[in-house]
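Q: Data: run.cif, mmCIF, C-alpha atoms and all ligand atoms.
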data_query
#
loop_
_atom_site.label_atom_id
_atom_site.label_comp_id
_atom_site.auth_asym_id
_atom_site.auth_seq_id
_atom_site.Cartn_x
_atom_site.Cartn_y
_atom_site.Cartn_z
CA MET T 1341 167.90 70.97 114.30
CA LYS T 1342 169.03 67.39 113.60
CA ALA T 1343 167.86 65.09 116.34
CA LEU T 1344 168.60 61.50 117.27
CA ILE T 1345 165.73 59.95 119.18
CA ILE T 1346 166.28 57.35 121.87
CA SER T 1347 163.21 55.31 122.78
CA VAL T 1348 163.25 52.84 125.63
CA ASP T 1349 160.92 49.85 125.55
CA LEU T 1350 160.29 48.93 129.17
CA GLY T 1351 157.85 46.21 128.17
CA SER T 1352 154.67 48.31 128.06
CA PRO T 1353 152.14 47.05 125.48
CA ASP T 1354 151.60 50.53 124.06
CA PHE T 1355 155.30 51.18 123.54
CA GLN T 1356 154.93 51.78 119.80
CA ALA T 1357 152.10 54.32 120.21
CA HIS T 1358 154.15 56.07 122.86
CA ALA T 1359 157.20 56.15 120.57
CA ASP T 1360 155.17 57.50 117.62
CA GLU T 1361 153.74 60.22 119.81
CA PHE T 1362 157.21 61.21 120.96
CA ALA T 1363 158.36 61.50 117.34
CA MET T 1364 155.38 63.78 116.69
CA LEU T 1365 156.28 65.85 119.75
CA ALA T 1366 159.85 66.16 118.46
CA ARG T 1367 158.66 67.38 115.06
CA GLY T 1368 156.27 69.75 116.84
CA ALA T 1369 159.28 71.30 118.56
CA GLY T 1370 160.92 71.81 115.16
CA ALA T 1371 163.32 68.84 115.14
CA GLU T 1372 164.41 66.98 112.03
CA ILE T 1373 164.70 63.34 113.05
CA VAL T 1374 167.90 61.88 111.61
CA GLY T 1375 167.86 58.57 113.44
CA THR T 1376 166.11 56.50 116.08
CA VAL T 1377 167.56 54.04 118.54
CA VAL T 1378 165.32 51.63 120.41
CA ALA T 1379 166.62 50.11 123.64
CA ARG T 1380 164.86 47.26 125.41
CA ARG T 1381 165.31 47.05 129.15
CA ALA T 1382 163.53 45.52 132.11
CA ARG T 1383 164.34 48.61 134.19
CA PRO T 1384 166.32 51.82 133.71
CA ASP T 1385 170.04 51.86 134.37
CA ALA T 1386 170.82 54.30 137.21
CA ALA T 1387 173.73 55.98 135.45
CA HIS T 1388 172.62 56.22 131.81
CA PHE T 1389 169.06 54.83 131.70
CA ILE T 1390 170.19 52.64 128.75
CA GLY T 1391 172.95 50.03 128.89
CA SER T 1392 176.55 50.75 127.89
CA GLY T 1393 176.34 48.67 124.68
CA LYS T 1394 173.28 50.62 123.52
CA LEU T 1395 174.92 53.88 124.48
CA GLU T 1396 177.96 53.06 122.31
CA GLU T 1397 175.71 52.19 119.39
CA ALA T 1398 173.75 55.42 119.83
CA VAL T 1399 176.89 57.57 120.08
CA LEU T 1400 178.15 56.07 116.83
CA LEU T 1401 174.86 56.65 115.07
CA ALA T 1402 174.62 60.23 116.36
CA GLY T 1403 178.06 60.92 114.85
CA GLN T 1404 177.22 59.30 111.50
CA ALA T 1405 173.91 61.15 111.22
CA HIS T 1406 175.47 64.48 112.29
CA ALA T 1407 172.91 64.87 115.07
CA ASP T 1408 173.05 68.18 117.00
CA ILE T 1409 170.81 67.04 119.82
CA ILE T 1410 169.61 63.88 121.57
CA LEU T 1411 165.92 63.56 122.39
CA PHE T 1412 165.28 60.98 125.07
CA ASP T 1413 161.78 59.49 125.24
CA GLN T 1414 161.69 59.13 129.05
CA PRO T 1415 162.07 61.46 132.01
CA LEU T 1416 165.73 61.46 133.07
CA THR T 1417 167.25 62.13 136.47
CA PRO T 1418 169.72 65.04 136.48
CA ALA T 1419 172.57 62.49 136.92
CA GLN T 1420 171.45 60.41 133.95
CA GLN T 1421 171.14 63.52 131.85
CA ARG T 1422 174.63 64.71 132.81
CA ASN T 1423 176.16 61.30 132.13
CA LEU T 1424 174.45 60.98 128.76
CA GLU T 1425 175.55 64.49 127.77
CA ARG T 1426 179.12 63.54 128.59
CA GLY T 1427 178.79 60.32 126.57
CA PHE T 1428 177.38 62.02 123.48
CA ASN T 1429 179.08 65.35 123.91
CA LEU T 1430 175.72 66.79 122.86
CA ARG T 1431 172.78 68.36 124.63
CA VAL T 1432 170.26 65.78 125.85
CA VAL T 1433 166.61 66.78 126.17
CA ASP T 1434 164.28 64.44 128.01
CA ARG T 1435 160.55 63.99 127.57
CA VAL T 1436 159.58 66.48 130.27
CA ALA T 1437 161.86 69.22 128.97
CA LEU T 1438 160.65 68.66 125.41
CA ILE T 1439 156.99 69.01 126.35
CA LEU T 1440 157.77 72.13 128.41
CA ASP T 1441 159.58 73.53 125.41
CA ILE T 1442 156.59 72.98 123.14
CA PHE T 1443 154.22 74.46 125.70
CA ALA T 1444 156.47 77.53 125.90
CA LEU T 1445 156.48 77.82 122.11
CA ARG T 1446 152.71 77.57 121.81
CA ALA T 1447 151.38 79.57 124.75
CA LYS T 1448 149.66 82.62 123.37
CA SER T 1449 147.77 84.39 126.10
CA HIS T 1450 149.26 86.10 129.10
CA GLU T 1451 147.81 83.42 131.35
CA GLY T 1452 149.06 80.55 129.20
CA LYS T 1453 152.57 82.00 129.23
CA MET T 1454 152.51 82.42 132.99
CA GLN T 1455 151.38 78.85 133.46
CA VAL T 1456 154.18 77.50 131.30
CA GLU T 1457 156.75 79.66 133.06
CA LEU T 1458 155.51 78.38 136.38
CA ALA T 1459 155.79 74.76 135.21
CA GLN T 1460 159.29 75.41 133.86
CA LEU T 1461 160.43 76.98 137.12
CA GLN T 1462 158.99 74.10 139.10
CA HIS T 1463 160.74 71.60 136.85
CA LEU T 1464 163.98 73.50 137.25
CA SER T 1465 163.67 73.79 141.01
CA THR T 1466 163.17 70.03 141.45
CA ARG T 1467 166.32 69.46 139.48
CA LEU T 1468 168.20 72.07 141.46
CA THR T 1469 167.02 70.54 144.70
CA ARG T 1470 168.17 67.15 143.61
CA LEU T 1471 171.51 68.49 142.54
CA TRP T 1472 171.74 70.28 145.83
CA THR T 1473 170.99 67.28 148.04
CA HIS T 1474 173.42 65.30 145.96
CA LEU T 1475 176.08 67.87 146.73
CA GLU T 1476 175.06 68.05 150.34
CA ARG T 1477 175.65 64.37 150.76
CA GLN T 1478 179.18 64.85 149.53
CA ARG T 1479 179.79 67.75 151.85
CA GLY T 1480 181.01 65.38 154.52
CA GLY T 1481 184.08 65.13 152.28
CA ILE T 1482 186.75 67.74 151.97
CA GLY T 1483 186.58 71.17 150.38
CA MET T 1484 183.00 70.94 149.16
CA ARG T 1485 182.07 74.45 150.19
CA GLY T 1486 182.54 76.93 147.42
CA PRO T 1487 180.95 79.64 145.33
CA GLY T 1488 179.01 77.04 143.35
CA GLU T 1489 177.12 76.09 146.44
CA SER T 1490 175.98 79.58 147.40
CA GLN T 1491 175.07 80.22 143.77
CA LEU T 1492 172.75 77.23 143.93
CA GLU T 1493 171.24 78.40 147.19
CA MET T 1494 170.59 81.82 145.69
CA ASP T 1495 169.07 80.38 142.53
CA ARG T 1496 166.74 78.29 144.59
CA ARG T 1497 165.61 81.28 146.60
CA MET T 1498 165.08 83.36 143.48
CA ILE T 1499 163.11 80.60 141.83
CA GLY T 1500 160.99 80.23 144.97
CA ALA T 1501 160.20 83.96 144.97
CA LYS T 1502 159.37 83.98 141.25
CA VAL T 1503 157.09 80.95 141.67
CA ARG T 1504 155.19 82.74 144.45
CA VAL T 1505 154.72 85.89 142.36
CA LEU T 1506 153.51 83.87 139.37
CA ARG T 1507 151.07 81.90 141.53
CA GLU T 1508 149.56 85.11 142.91
CA ARG T 1509 149.22 86.65 139.47
CA LEU T 1510 147.62 83.50 138.09
CA ALA T 1511 145.14 83.37 140.95
CA LYS T 1512 144.17 86.97 140.16
CA VAL T 1513 143.71 86.25 136.44
CA GLN T 1514 141.61 83.23 137.31
CA ARG T 1515 139.42 85.26 139.67
CA GLN T 1516 138.86 87.82 136.91
CA ARG T 1517 137.97 85.07 134.48
CA GLY T 1518 135.44 83.74 136.99
CA THR T 1519 133.75 87.14 137.10
CA GLN T 1520 133.64 87.37 133.31
CA ARG T 1521 132.19 83.89 133.14
CA ARG T 1522 129.44 84.73 135.59
CA ALA T 1523 128.56 87.82 133.59
CA ARG T 1524 128.45 85.75 130.44
CA SER T 1525 126.36 82.93 131.85
CA ARG T 1526 123.62 85.33 132.92
CA GLY T 1527 122.33 85.45 129.36
CA ASN T 1528 120.45 82.58 127.80
CA THR T 1529 123.37 81.43 125.63
CA LEU T 1530 124.47 77.83 125.40
CA SER T 1531 128.17 77.35 126.08
CA VAL T 1532 129.90 74.53 124.26
CA SER T 1533 133.51 73.36 124.77
CA LEU T 1534 135.53 71.29 122.33
CA VAL T 1535 137.70 68.79 124.18
CA GLY T 1536 139.79 65.90 122.96
CA TYR T 1537 143.14 64.31 122.47
CA THR T 1538 145.84 66.39 120.89
CA ASN T 1539 145.70 66.44 117.07
CA ALA T 1540 142.10 65.14 117.01
CA GLY T 1541 141.11 68.17 114.93
CA LYS T 1542 139.54 70.45 117.53
CA SER T 1543 140.90 73.68 116.07
CA THR T 1544 139.89 72.63 112.55
CA LEU T 1545 136.37 71.89 113.76
CA PHE T 1546 136.30 75.13 115.76
CA ASN T 1547 137.19 77.03 112.57
CA ALA T 1548 134.65 75.12 110.51
CA LEU T 1549 131.92 75.93 113.01
CA THR T 1550 132.83 79.55 113.64
CA ARG T 1551 134.62 80.33 110.36
CA ALA T 1552 137.38 82.01 112.30
CA GLY T 1553 141.09 81.48 111.88
CA ALA T 1554 142.21 79.69 115.05
CA TYR T 1555 145.64 78.24 114.63
CA ALA T 1556 145.40 74.62 113.32
CA ALA T 1557 148.50 72.66 112.50
CA ASP T 1558 149.67 69.09 112.28
CA GLN T 1559 151.65 69.62 115.42
CA LEU T 1560 150.80 68.70 118.95
CA PHE T 1561 149.48 71.44 121.20
CA ALA T 1562 148.70 73.92 118.47
CA THR T 1563 146.14 75.23 120.94
CA LEU T 1564 147.32 75.93 124.42
CA ASP T 1565 144.83 78.47 125.61
CA THR T 1566 141.11 78.37 125.36
CA THR T 1567 139.83 80.33 122.40
CA THR T 1568 136.21 81.44 122.56
CA ARG T 1569 133.84 82.68 119.86
CA ARG T 1570 130.15 83.26 119.42
CA VAL T 1571 128.22 81.53 116.70
CA TRP T 1572 124.58 81.35 115.64
CA ILE T 1573 123.16 77.84 115.37
CA GLU T 1574 119.66 77.26 114.02
CA GLY T 1575 117.49 75.91 116.83
CA ALA T 1576 119.99 76.87 119.54
CA GLY T 1577 120.41 80.62 118.90
CA GLN T 1578 123.57 82.29 120.18
CA VAL T 1579 126.13 79.68 121.19
CA VAL T 1580 129.49 80.37 122.79
CA VAL T 1581 132.04 77.85 121.49
CA SER T 1582 135.44 77.31 123.15
CA ASP T 1583 138.42 75.43 121.77
CA THR T 1584 140.67 73.90 124.45
CA VAL T 1585 144.13 72.47 124.95
CA GLY T 1586 144.65 68.91 123.68
CA PHE T 1587 145.17 65.93 125.93
CA ILE T 1588 148.30 63.82 125.96
CA ARG T 1589 149.20 60.69 127.89
CA ASP T 1590 151.96 60.72 130.54
CA LEU T 1591 151.95 64.46 130.93
CA PRO T 1592 154.87 65.49 133.15
CA PRO T 1593 153.66 66.16 136.72
CA THR T 1594 154.90 69.76 136.58
CA LEU T 1595 152.55 70.38 133.65
CA ILE T 1596 149.43 68.72 134.99
CA ALA T 1597 148.43 71.77 137.03
CA ALA T 1598 148.95 74.11 134.08
CA PHE T 1599 147.04 71.79 131.81
CA ARG T 1600 144.12 71.38 134.20
CA ALA T 1601 143.90 75.10 134.88
CA THR T 1602 143.54 75.78 131.15
CA LEU T 1603 140.98 73.03 130.92
CA GLU T 1604 138.89 74.17 133.85
CA GLU T 1605 136.94 76.44 131.55
CA THR T 1606 135.29 73.28 130.23
CA VAL T 1607 133.86 72.49 133.65
CA HIS T 1608 131.54 75.45 133.23
CA ALA T 1609 130.26 74.52 129.78
CA ASP T 1610 126.68 73.36 129.20
CA LEU T 1611 127.77 70.85 126.59
CA LEU T 1612 131.05 69.14 125.70
CA LEU T 1613 131.94 68.09 122.18
CA HIS T 1614 134.50 65.34 122.64
CA VAL T 1615 136.43 65.33 119.37
CA VAL T 1616 138.00 62.00 118.42
CA ASP T 1617 140.46 61.21 115.64
CA ALA T 1618 138.41 58.37 114.14
CA ALA T 1619 141.38 57.37 111.96
CA SER T 1620 143.74 56.78 114.88
CA PRO T 1621 144.44 53.16 115.86
CA GLN T 1622 144.59 54.41 119.48
CA ARG T 1623 141.24 56.14 119.40
CA ASP T 1624 139.53 54.01 122.06
CA GLU T 1625 142.37 54.44 124.55
CA GLN T 1626 142.38 58.16 123.78
CA ILE T 1627 138.64 58.39 124.45
CA ALA T 1628 139.13 56.62 127.79
CA GLU T 1629 142.03 58.90 128.72
CA VAL T 1630 140.02 62.05 127.99
CA ASP T 1631 137.03 60.71 129.96
CA LYS T 1632 139.26 60.00 132.93
CA VAL T 1633 140.69 63.52 133.03
CA LEU T 1634 137.24 65.05 132.59
CA ALA T 1635 136.04 63.03 135.58
CA ASP T 1636 139.08 64.20 137.57
CA ILE T 1637 138.36 67.89 136.97
CA GLY T 1638 134.70 67.46 137.90
CA ALA T 1639 133.27 67.57 134.38
CA ALA T 1640 131.85 64.04 134.35
CA ASP T 1641 128.23 65.17 134.62
CA ILE T 1642 128.25 67.64 131.73
CA PRO T 1643 126.27 66.33 128.74
CA ARG T 1644 128.61 65.33 125.97
CA ILE T 1645 128.57 64.30 122.34
CA LEU T 1646 131.32 62.18 120.82
CA VAL T 1647 132.43 63.68 117.52
CA TYR T 1648 134.19 61.14 115.31
CA ASN T 1649 136.28 63.42 113.10
CA LYS T 1650 138.47 62.69 110.04
CA ILE T 1651 136.04 60.22 108.47
CA ASP T 1652 137.66 61.14 105.14
CA ALA T 1653 141.05 59.82 106.26
CA ALA T 1654 142.39 56.48 105.01
CA GLY T 1655 142.74 55.06 108.53
CA CYS T 1656 138.96 54.97 108.92
CA GLY T 1657 138.39 52.47 106.13
CA ALA T 1658 135.28 52.43 104.00
CA GLY T 1659 131.77 53.01 105.26
CA TYR T 1660 132.41 56.13 107.30
CA GLU T 1661 129.84 58.59 106.05
CA PRO T 1662 128.57 61.69 107.82
CA ARG T 1663 125.82 60.57 110.18
CA VAL T 1664 124.48 60.86 113.71
CA GLU T 1665 123.86 58.02 116.16
CA ARG T 1666 121.41 58.13 119.04
CA ASN T 1667 121.70 56.50 122.46
CA GLU T 1668 119.11 54.33 124.20
CA HIS T 1669 117.24 57.48 125.34
CA GLY T 1670 116.92 58.63 121.75
CA THR T 1671 119.27 61.63 122.07
CA ILE T 1672 122.19 62.19 119.71
CA ALA T 1673 125.31 60.69 121.30
CA ARG T 1674 127.72 60.37 118.36
CA VAL T 1675 128.32 62.44 115.26
CA PHE T 1676 130.55 61.33 112.37
CA LEU T 1677 132.06 64.11 110.27
CA SER T 1678 135.06 65.57 108.50
CA ALA T 1679 136.05 68.97 109.83
CA LEU T 1680 138.64 69.35 107.09
CA GLU T 1681 136.22 68.71 104.23
CA ARG T 1682 133.40 70.39 106.15
CA ARG T 1683 131.12 67.41 105.68
CA GLY T 1684 128.65 66.37 108.36
CA LEU T 1685 128.61 69.73 110.13
CA ASP T 1686 124.82 69.97 109.84
CA GLY T 1687 124.51 66.78 111.91
CA LEU T 1688 126.64 68.39 114.58
CA ARG T 1689 124.59 71.60 114.53
CA ALA T 1690 121.42 69.54 114.88
CA ALA T 1691 122.96 67.73 117.85
CA VAL T 1692 123.85 71.04 119.51
CA ALA T 1693 120.34 72.38 118.92
CA GLU T 1694 118.87 69.23 120.43
CA ALA T 1695 121.14 69.51 123.48
CA HIS T 1696 120.05 73.14 123.84
CA GLN T 1697 116.41 72.11 123.89
CA ILE T 1698 117.07 69.40 126.48
CA ALA T 1699 119.01 71.86 128.65
CA GLY T 1700 116.14 74.36 128.30
CA ASN T 1701 113.62 71.74 129.38
CA ASN T 1702 115.71 70.80 132.39
CA ALA T 1703 115.97 74.44 133.45
CA PHE T 1704 112.18 74.68 133.09
CA HIS T 1705 111.69 71.64 135.32
CA VAL T 1706 114.07 72.96 137.96
CA GLU T 1707 112.30 76.32 138.01
CA ASN T 1708 108.94 74.61 138.46
CA LEU T 1709 109.92 72.34 141.31
N1 LIG I 1 142.03 64.09 107.07
C1 LIG I 1 141.60 64.96 107.98
N2 LIG I 1 142.47 65.67 108.70
C2 LIG I 1 141.99 66.54 109.62
C3 LIG I 1 140.60 66.70 109.85
N3 LIG I 1 140.44 67.61 110.82
C4 LIG I 1 141.68 67.99 111.19
N4 LIG I 1 142.63 67.36 110.45
C5 LIG I 1 144.08 67.53 110.52
O1 LIG I 1 144.57 67.09 111.78
C6 LIG I 1 145.66 67.92 112.21
C7 LIG I 1 145.39 68.46 113.61
O2 LIG I 1 144.29 69.34 113.56
P1 LIG I 1 144.04 70.45 114.68
O3 LIG I 1 142.72 71.05 114.36
O4 LIG I 1 145.22 71.35 114.82
O5 LIG I 1 143.95 69.52 115.98
P2 LIG I 1 143.74 69.91 117.52
O6 LIG I 1 142.90 68.83 118.09
O7 LIG I 1 143.21 71.29 117.64
O8 LIG I 1 145.22 69.81 118.06
P3 LIG I 1 145.85 70.41 119.44
O9 LIG I 1 145.81 71.89 119.32
O10 LIG I 1 147.22 69.84 119.40
O11 LIG I 1 145.04 69.89 120.57
C8 LIG I 1 145.81 69.01 111.14
O12 LIG I 1 146.83 68.61 110.25
C9 LIG I 1 144.46 69.02 110.45
O13 LIG I 1 144.55 69.44 109.11
C10 LIG I 1 139.68 65.93 109.04
O14 LIG I 1 138.46 66.00 109.14
N5 LIG I 1 140.25 65.07 108.15
#
Taking this structure as input, can you express it in the form of structure tokens?
Ligand SMILES: Nc1nc2c(ncn2[C@@H]2O[C@H](COP(=O)(O)OP(=O)(O)OP(=O)(O)O)[C@@H](O)[C@H]2O)c(=O)[nH]1
A:
Amino acid sequence: MKALIISVDLGSPDFQAHADEFAMLARGAGAEIVGTVVARRARPDAAHFIGSGKLEEAVLLAGQAHADIILFDQPLTPAQQRNLERGFNLRVVDRVALILDIFALRAKSHEGKMQVELAQLQHLSTRLTRLWTHLERQRGGIGMRGPGESQLEMDRRMIGAKVRVLRERLAKVQRQRGTQRRARSRGNTLSVSLVGYTNAGKSTLFNALTRAGAYAADQLFATLDTTTRRVWIEGAGQVVVSDTVGFIRDLPPTLIAAFRATLEETVHADLLLHVVDAASPQRDEQIAEVDKVLADIGAADIPRILVYNKIDAAGCGAGYEPRVERNEHGTIARVFLSALERRGLDGLRAAVAEAHQIAGNNAFHVENL
């Protein structure tokens, strides 16, 4: 599908990173980008988000580039979306809808699919509600009652009922997962979760560690559900490793719940491997973002090791060799490796084994108190 991207620079310092990420999202959804328009504004225009001059320019470009769809790098109000669609005479997909679309494409498990459906319905119902109140305001006028109105009312009720059913089913699945987790944690196995920003290389590292074929792709959100496998690590014994959904900034509010629910598995891990794309210019902001979300879901106290991945990539510059770094207490805090080239994995295994020993000692102390 040929897509024209519209990015709006509202003066944020990380505009470019945001725009690059959106382009990656678009490609992840299967779009071929045939043009990009950047608009600079102090604040969004109520009717079209962008100004009329920019809109004209974009309409012209969309025609010349034979675009079939407009991808808009901001959340749009239903009115803005409608007005833009009229202006372009093309379908307009905003940031929220695009991310929902990708989530829907990638969800693999039953639970993942339910979560995405729930988020989609919630997104839809907020738009319906807004459309509805907008109509209601006009009802003071003449002849505003009609079949369209009752259709909307019915849709809203149906969506509400579907949302309730999905919520109940999800709660049940989550209860079952809790039981399985308890059964699993009775043994003396170390559980390790891979967390990190989207595209950091978690699935590639997961595969390198477990030699299994989890789905890794240069697309955002290749992993939506947690994938779990057992692996033997010298010095740590049986280890349960879980791959998790990638982080992304400015996640639409309707998706935050779905995202956190999938991530909650990590809260119960003994050790977190925070995978970082060492070649990304945004890596420090990404680390901070991941730390913030981990704190929000109550995972701040879980021991963690920072894994600087992709040391083979050009963006890292020279001098990035596989190695481990220790913190002021002498424990391994950072590991530098290349999951793709499978270099530096021994350092990571050693770090996991060390964490296992520390966890074992702590358990010993607790038991002897
Ligand atoms: N150069 C290089 N590329 C890597 C390395 N590890 C992963 N990649 C590439 O980075 C891209 C993303 O890798 P994934 O493993 O899918 O990343 P992820 O973190 O699981 O992504 P999400 O599922 O979106 O969260 C793929 O194109 C990988 O081939 C590495 O060590 N070096």
Q: Ranking T:Ala1402, T:Leu1534, T:Ile1390, T:Ile1642 by minimum distance to ligand LIG 1 (chain I) and counting all atoms listed in the file, which one comes first?
A: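 Smallest separation from ligand LIG 1 (chain I) among the options: T:Leu1534.
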Q: Excluding segment 1568-1576 of chain T and any residue of its chain fewer than 5 positions from it, enumerate the residues within 10 Å of it, using only C-alpha atoms, and give them as a ChimeraX atom specification.
A: /T:1529-1533,1546-1547,1549-1552,1554,1581-1584,1686,1689-1697,1700
Q: Give the answer as one residue: which of T:Ile1345, T:Ala1459, T:Leu1395, T:Val1585 has the shortest atom-to-atom distance to ligand LIG 1 (chain I), using all atoms listed in the file?
A: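 Closest candidate: T:Val1585.
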Q: Using all atoms of ligand LIG 1 (chain I) that appear in the file, construct an axis-aligned enclosing box with 8 Å of padding on every side and provide its centre coordinates and edge lengths in Å, rounded to one decimal, as AutoDock Vina command-line options.
A:
--center_x 142.8 --center_y 68.0 --center_z 113.8 --size_x 24.8 --size_y 23.8 --size_z 29.5
Q: Have a look at atom CA of Arg1422 of chain T and atom CA of Gly1500 of chain T and let me know their distance in Å, one decimal.
A: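 Atom-to-atom, atom CA of Arg1422 of chain T and atom CA of Gly1500 of chain T are spaced 24.0 Å apart.
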Q: Could you give me, as a list in words, the residues that sit within 9 Å of (139.9, 64.6, 130.2) in the file's coordinates, counting all atoms listed in the file?
A: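 Residues found, by chain and rising number: Val1535, Gly1536, Tyr1537, Phe1587, Arg1600, Leu1603, Ile1627, Ala1628, Glu1629, Val1630, Asp1631, Lys1632, Val1633, Leu1634, Ala1635, Asp1636, Ile1637 and Ala1639 of chain T.
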Q: Go ahead and save the residues from that selection, with C-alpha atoms, as an mmCIF file, in the frame of the given file.
A:
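Written out: selection-v6.cif:
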data_model
loop_
_atom_site.group_PDB
_atom_site.id
_atom_site.type_symbol
_atom_site.label_atom_id
_atom_site.label_comp_id
_atom_site.auth_asym_id
_atom_site.auth_seq_id
_atom_site.Cartn_x
_atom_site.Cartn_y
_atom_site.Cartn_z
ATOM 1 C CA VAL T 1535 137.700 68.790 124.180
ATOM 2 C CA GLY T 1536 139.790 65.900 122.960
ATOM 3 C CA TYR T 1537 143.140 64.310 122.470
ATOM 4 C CA PHE T 1587 145.170 65.930 125.930
ATOM 5 C CA ARG T 1600 144.120 71.380 134.200
ATOM 6 C CA LEU T 1603 140.980 73.030 130.920
ATOM 7 C CA ILE T 1627 138.640 58.390 124.450
ATOM 8 C CA ALA T 1628 139.130 56.620 127.790
ATOM 9 C CA GLU T 1629 142.030 58.900 128.720
ATOM 10 C CA VAL T 1630 140.020 62.050 127.990
ATOM 11 C CA ASP T 1631 137.030 60.710 129.960
ATOM 12 C CA LYS T 1632 139.260 60.000 132.930
ATOM 13 C CA VAL T 1633 140.690 63.520 133.030
ATOM 14 C CA LEU T 1634 137.240 65.050 132.590
ATOM 15 C CA ALA T 1635 136.040 63.030 135.580
ATOM 16 C CA ASP T 1636 139.080 64.200 137.570
ATOM 17 C CA ILE T 1637 138.360 67.890 136.970
ATOM 18 C CA ALA T 1639 133.270 67.570 134.380
#
Q: Could you check the closest approach to ligand LIG 1 (chain I) for each of T:Thr1544, T:Asn1667, T:Gln1404, T:Gln1622 and tell me which residue wins, using all atoms listed in the file?
A: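 Going through T:Thr1544, T:Asn1667, T:Gln1404, T:Gln1622 one by one, the smallest distance to ligand LIG 1 (chain I) is for T:Thr1544.
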Q: Ranking T:Ala1379, T:Met1364, T:Ala1699, T:Leu1411 by minimum distance to ligand LIG 1 (chain I) and counting only C-alpha atoms and all ligand atoms, which one comes first?
A: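 Selected residue with least distance to ligand LIG 1 (chain I): T:Met1364.
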Q: Tell me which of T:Arg1683, T:Lys1542, T:His1450, T:Arg1497 sits closest to ligand LIG 1 (chain I), counting all atoms listed in the file.
A: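 Ranked by minimum distance to ligand LIG 1 (chain I), first place goes to T:Lys1542.
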Q: Step by step: start from the point (166.9, 50.8, 124.0) in the file's coordinates, keep every protein, DNA or RNA residue that has an atom no farther than 7 Å from it, count all atoms listed in the file, and write the set as a VMD selection string.
A: chain T and resid 1346 to 1349 1377 to 1381 1390 1394
Q: Which one of T:Gln1514, T:Glu1361, T:His1608, T:Glu1508 sits closest to ligand LIG 1 (chain I) if you count only C-alpha atoms and all ligand atoms?
A: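 Checking each of T:Gln1514, T:Glu1361, T:His1608, T:Glu1508 against ligand LIG 1 (chain I), counting only C-alpha atoms and all ligand atoms, the winner is T:Glu1361.
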Q: Any idea what the distance is between atom CA of Val1456 of chain T and atom CA of Ala1444 of chain T?
A: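 Spanning atom CA of Val1456 of chain T to atom CA of Ala1444 of chain T is a straight-line distance of 5.9 Å.
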Q: For Ala1437 of chain T, please output as a list in words all residues within 9 Å (counting all atoms listed in the file; exclusion window: fewer than 5 positions along the same chain).
A: Pro1415, Ile1442, Gln1460, His1463 and Pro1592 of chain T
Q: Take atom CA of Gly1586 of chain T and atom CA of Gly1541 of chain T and report the distance between them in Å, one decimal.
A: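 Computing the Euclidean distance for atom CA of Gly1586 of chain T and atom CA of Gly1541 of chain T yields 9.5 Å.
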